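First comes the structure, then the notes that go with it.
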Amino acid sequence: MAYERIKRPKGAVYHYTKRENLDGIRKDGRLRRFGDRECWVCSCLEDTLRLMELTVMQEGKPYYAMGGILKHYPPFVPEEYVILKLQPRYQSGDWVIWRQAMPVDAPQELLNLAEEFSFLKKGFRGDLRFYGEPEVFEVADFLEMRTSGPELRME
């Protein structure tokens, strides 16, 4: 695994979180790192939903948490999640991506998935301050639109 510095994203960024965190984020006017070195965001709604598909929507599947602790994803309840559209404030700090390290002999499908995962999210080293009130999207609504209508295309 290796971090690479990237340019600051232009415009809005998107962050998924549990609804229970929303009041604290609004009150603080920032995303906090919560024990990590970075806070993570995506460039668009589609990337955010895809990141959720690869992580929190993987009910029961194992993952490695901070410190290398093996855990399993809990049941996914869409109503417990929201996606925030944020306008980052300029502040000093590095923007990064985190490249997944893979064994040289890993299957091509796994290599492709690791590459996709690496570029879905962007990290800001520190707490990310933002302007104004975040726009809040209901994850349950997006998932319902995906299953009952045309493909989601929002920027």
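Each chain in the structure tokens gets a letter, A, B and so on, in the order shown; residues start at 1 in every chain, and ligands are counted from 1 in the order they appear.
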Would you kindly return, as a PyMOL selection string, each protein, DNA or RNA residue with an atom no farther than 8 Å from any atom of segment 98-106 of chain A, considering only C-alpha atoms and excluding same-chain residues fewer than 4 positions away? chain A and resi 1-4+110-111+114-115+117-119+122-123
Got a sec to tell me which of segment 69-111 of chain A DSSP assigns to helix (DSSP H, G or I), as a PyMOL selection string? chain A and resi 78-80+108-111
Suppose we keep all heavy atoms; can you now write the selection as an mmCIF file, in the first residue's frame?
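Everything below was put into out.cif:
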data_model
loop_
_atom_site.group_PDB
_atom_site.id
_atom_site.type_symbol
_atom_site.label_atom_id
_atom_site.label_comp_id
_atom_site.auth_asym_id
_atom_site.auth_seq_id
_atom_site.Cartn_x
_atom_site.Cartn_y
_atom_site.Cartn_z
ATOM 1 N N PRO A 78 -29.721 0.701 4.669
ATOM 2 C CA PRO A 78 -29.592 1.930 3.881
ATOM 3 C C PRO A 78 -30.102 3.183 4.588
ATOM 4 O O PRO A 78 -29.523 4.258 4.437
ATOM 5 C CB PRO A 78 -30.414 1.650 2.619
ATOM 6 C CG PRO A 78 -30.473 0.172 2.519
ATOM 7 C CD PRO A 78 -30.431 -0.346 3.924
ATOM 8 N N GLU A 79 -31.159 3.048 5.379
ATOM 9 C CA GLU A 79 -31.738 4.204 6.060
ATOM 10 C C GLU A 79 -30.796 4.806 7.107
ATOM 11 O O GLU A 79 -30.997 5.928 7.548
ATOM 12 C CB GLU A 79 -33.070 3.823 6.727
ATOM 13 C CG GLU A 79 -34.168 3.487 5.751
ATOM 14 C CD GLU A 79 -34.030 2.075 5.138
ATOM 15 O OE1 GLU A 79 -33.259 1.248 5.667
ATOM 16 O OE2 GLU A 79 -34.691 1.821 4.110
ATOM 17 N N GLU A 80 -29.772 4.074 7.488
ATOM 18 C CA GLU A 80 -28.806 4.569 8.475
ATOM 19 C C GLU A 80 -27.709 5.433 7.846
ATOM 20 O O GLU A 80 -26.907 6.022 8.569
ATOM 21 C CB GLU A 80 -28.149 3.406 9.216
ATOM 22 C CG GLU A 80 -29.089 2.650 10.110
ATOM 23 C CD GLU A 80 -28.417 1.494 10.840
ATOM 24 O OE1 GLU A 80 -27.193 1.257 10.643
ATOM 25 O OE2 GLU A 80 -29.116 0.816 11.604
ATOM 26 N N GLN A 108 -6.074 -11.154 -12.480
ATOM 27 C CA GLN A 108 -6.313 -9.862 -13.122
ATOM 28 C C GLN A 108 -7.592 -9.192 -12.603
ATOM 29 O O GLN A 108 -7.628 -7.983 -12.397
ATOM 30 C CB GLN A 108 -6.382 -10.023 -14.651
ATOM 31 C CG GLN A 108 -6.434 -8.701 -15.389
ATOM 32 C CD GLN A 108 -5.192 -7.836 -15.133
ATOM 33 O OE1 GLN A 108 -4.068 -8.329 -15.189
ATOM 34 N NE2 GLN A 108 -5.389 -6.573 -14.841
ATOM 35 N N GLU A 109 -8.617 -9.974 -12.334
ATOM 36 C CA GLU A 109 -9.878 -9.421 -11.821
ATOM 37 C C GLU A 109 -9.654 -8.706 -10.479
ATOM 38 O O GLU A 109 -10.174 -7.620 -10.241
ATOM 39 C CB GLU A 109 -10.908 -10.537 -11.653
ATOM 40 C CG GLU A 109 -12.260 -10.056 -11.172
ATOM 41 C CD GLU A 109 -13.250 -11.194 -11.030
ATOM 42 O OE1 GLU A 109 -13.115 -12.224 -11.717
ATOM 43 O OE2 GLU A 109 -14.174 -11.041 -10.214
ATOM 44 N N LEU A 110 -8.838 -9.304 -9.621
ATOM 45 C CA LEU A 110 -8.540 -8.702 -8.329
ATOM 46 C C LEU A 110 -7.670 -7.452 -8.502
ATOM 47 O O LEU A 110 -7.873 -6.451 -7.810
ATOM 48 C CB LEU A 110 -7.841 -9.722 -7.425
ATOM 49 C CG LEU A 110 -7.633 -9.316 -5.979
ATOM 50 C CD1 LEU A 110 -8.945 -8.955 -5.304
ATOM 51 C CD2 LEU A 110 -6.947 -10.443 -5.216
ATOM 52 N N LEU A 111 -6.727 -7.496 -9.421
ATOM 53 C CA LEU A 111 -5.896 -6.321 -9.699
ATOM 54 C C LEU A 111 -6.751 -5.154 -10.197
ATOM 55 O O LEU A 111 -6.558 -4.008 -9.782
ATOM 56 C CB LEU A 111 -4.808 -6.657 -10.721
ATOM 57 C CG LEU A 111 -3.739 -7.647 -10.279
ATOM 58 C CD1 LEU A 111 -2.848 -8.038 -11.452
ATOM 59 C CD2 LEU A 111 -2.919 -7.077 -9.137
#
Would you mind telling me which residue in A:Gly126, A:Leu143, A:Ser43, A:Asp36 lies nearest to Gly67 of chain A when using only C-alpha atoms? A:Asp36
Closest atom pairs, segment 26-138 of chain A residues within 8 Å of segment 15-21 of chain A, only C-alpha atoms, as CSV:
residue,atom,partner,partner_atom,distance
A:Trp40,CA,A:His15,CA,7.0
A:Val41,CA,A:His15,CA,4.8
A:Cys42,CA,A:His15,CA,6.4
A:Thr48,CA,A:Tyr16,CA,6.9
A:Met52,CA,A:Tyr16,CA,7.9
A:Glu80,CA,A:Arg19,CA,5.4
A:Tyr81,CA,A:Lys18,CA,4.4
A:Val82,CA,A:Thr17,CA,5.7
A:Ile83,CA,A:Tyr16,CA,4.3
A:Leu84,CA,A:His15,CA,5.2
A:Lys85,CA,A:His15,CA,6.8
A:Leu86,CA,A:His15,CA,7.7
Tell me which protein, DNA and RNA residues are within 8 Å of Gln58 of chain A, counting only C-alpha atoms, leaving out same-chain ones fewer than 5 positions away, and put them as number ranges by chain. A: 53, 73, 76
Could you please write out, as a PyMOL selection string, every residue of chain A that DSSP assigns to strand (DSSP E)? chain A and resi 2-6+13-18+30-31+38-41+62-64+70-72+81-88+95-99+122-125+128-138
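The two atoms in question, atom CA of Pro107 of chain A and atom CA of Pro62 of chain A, are spaced 19.2 Å apart.
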Between atom CA of Lys7 of chain A and atom CA of Arg33 of chain A, what is the distance in Å, rounded to a tenth? 19.5 Å
Env of Pro74 of chain A: 12 Å cut, atoms = only C-alpha atoms, seq-sep filter 4 positions within chain, self excluded. Answer as a PyMOL selection string. chain A and resi 55-63
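Counting only C-alpha atoms, Ser92 of chain A has the following residues at most 12 Å away, ignoring those fewer than 5 positions along the same chain: Arg8, Phe124, Arg125, Gly126, Asp127, Leu128 and Arg129 of chain A.
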Keeping C-alpha atoms, export the residues of the selection given above as a PDB file, in the first residue's frame.
ATOM      1  CA  ARG A   8      -6.926  19.177  -4.680  1.00  0.00           C
ATOM      2  CA  PHE A 124      -7.266  14.798   2.862  1.00  0.00           C
ATOM      3  CA  ARG A 125      -4.526  14.682   5.487  1.00  0.00           C
ATOM      4  CA  GLY A 126      -6.202  16.273   8.466  1.00  0.00           C
ATOM      5  CA  ASP A 127      -9.735  17.370   9.258  1.00  0.00           C
ATOM      6  CA  LEU A 128     -11.488  18.679   6.139  1.00  0.00           C
ATOM      7  CA  ARG A 129     -13.275  21.983   6.675  1.00  0.00           C
TER       8      ARG A 129
END
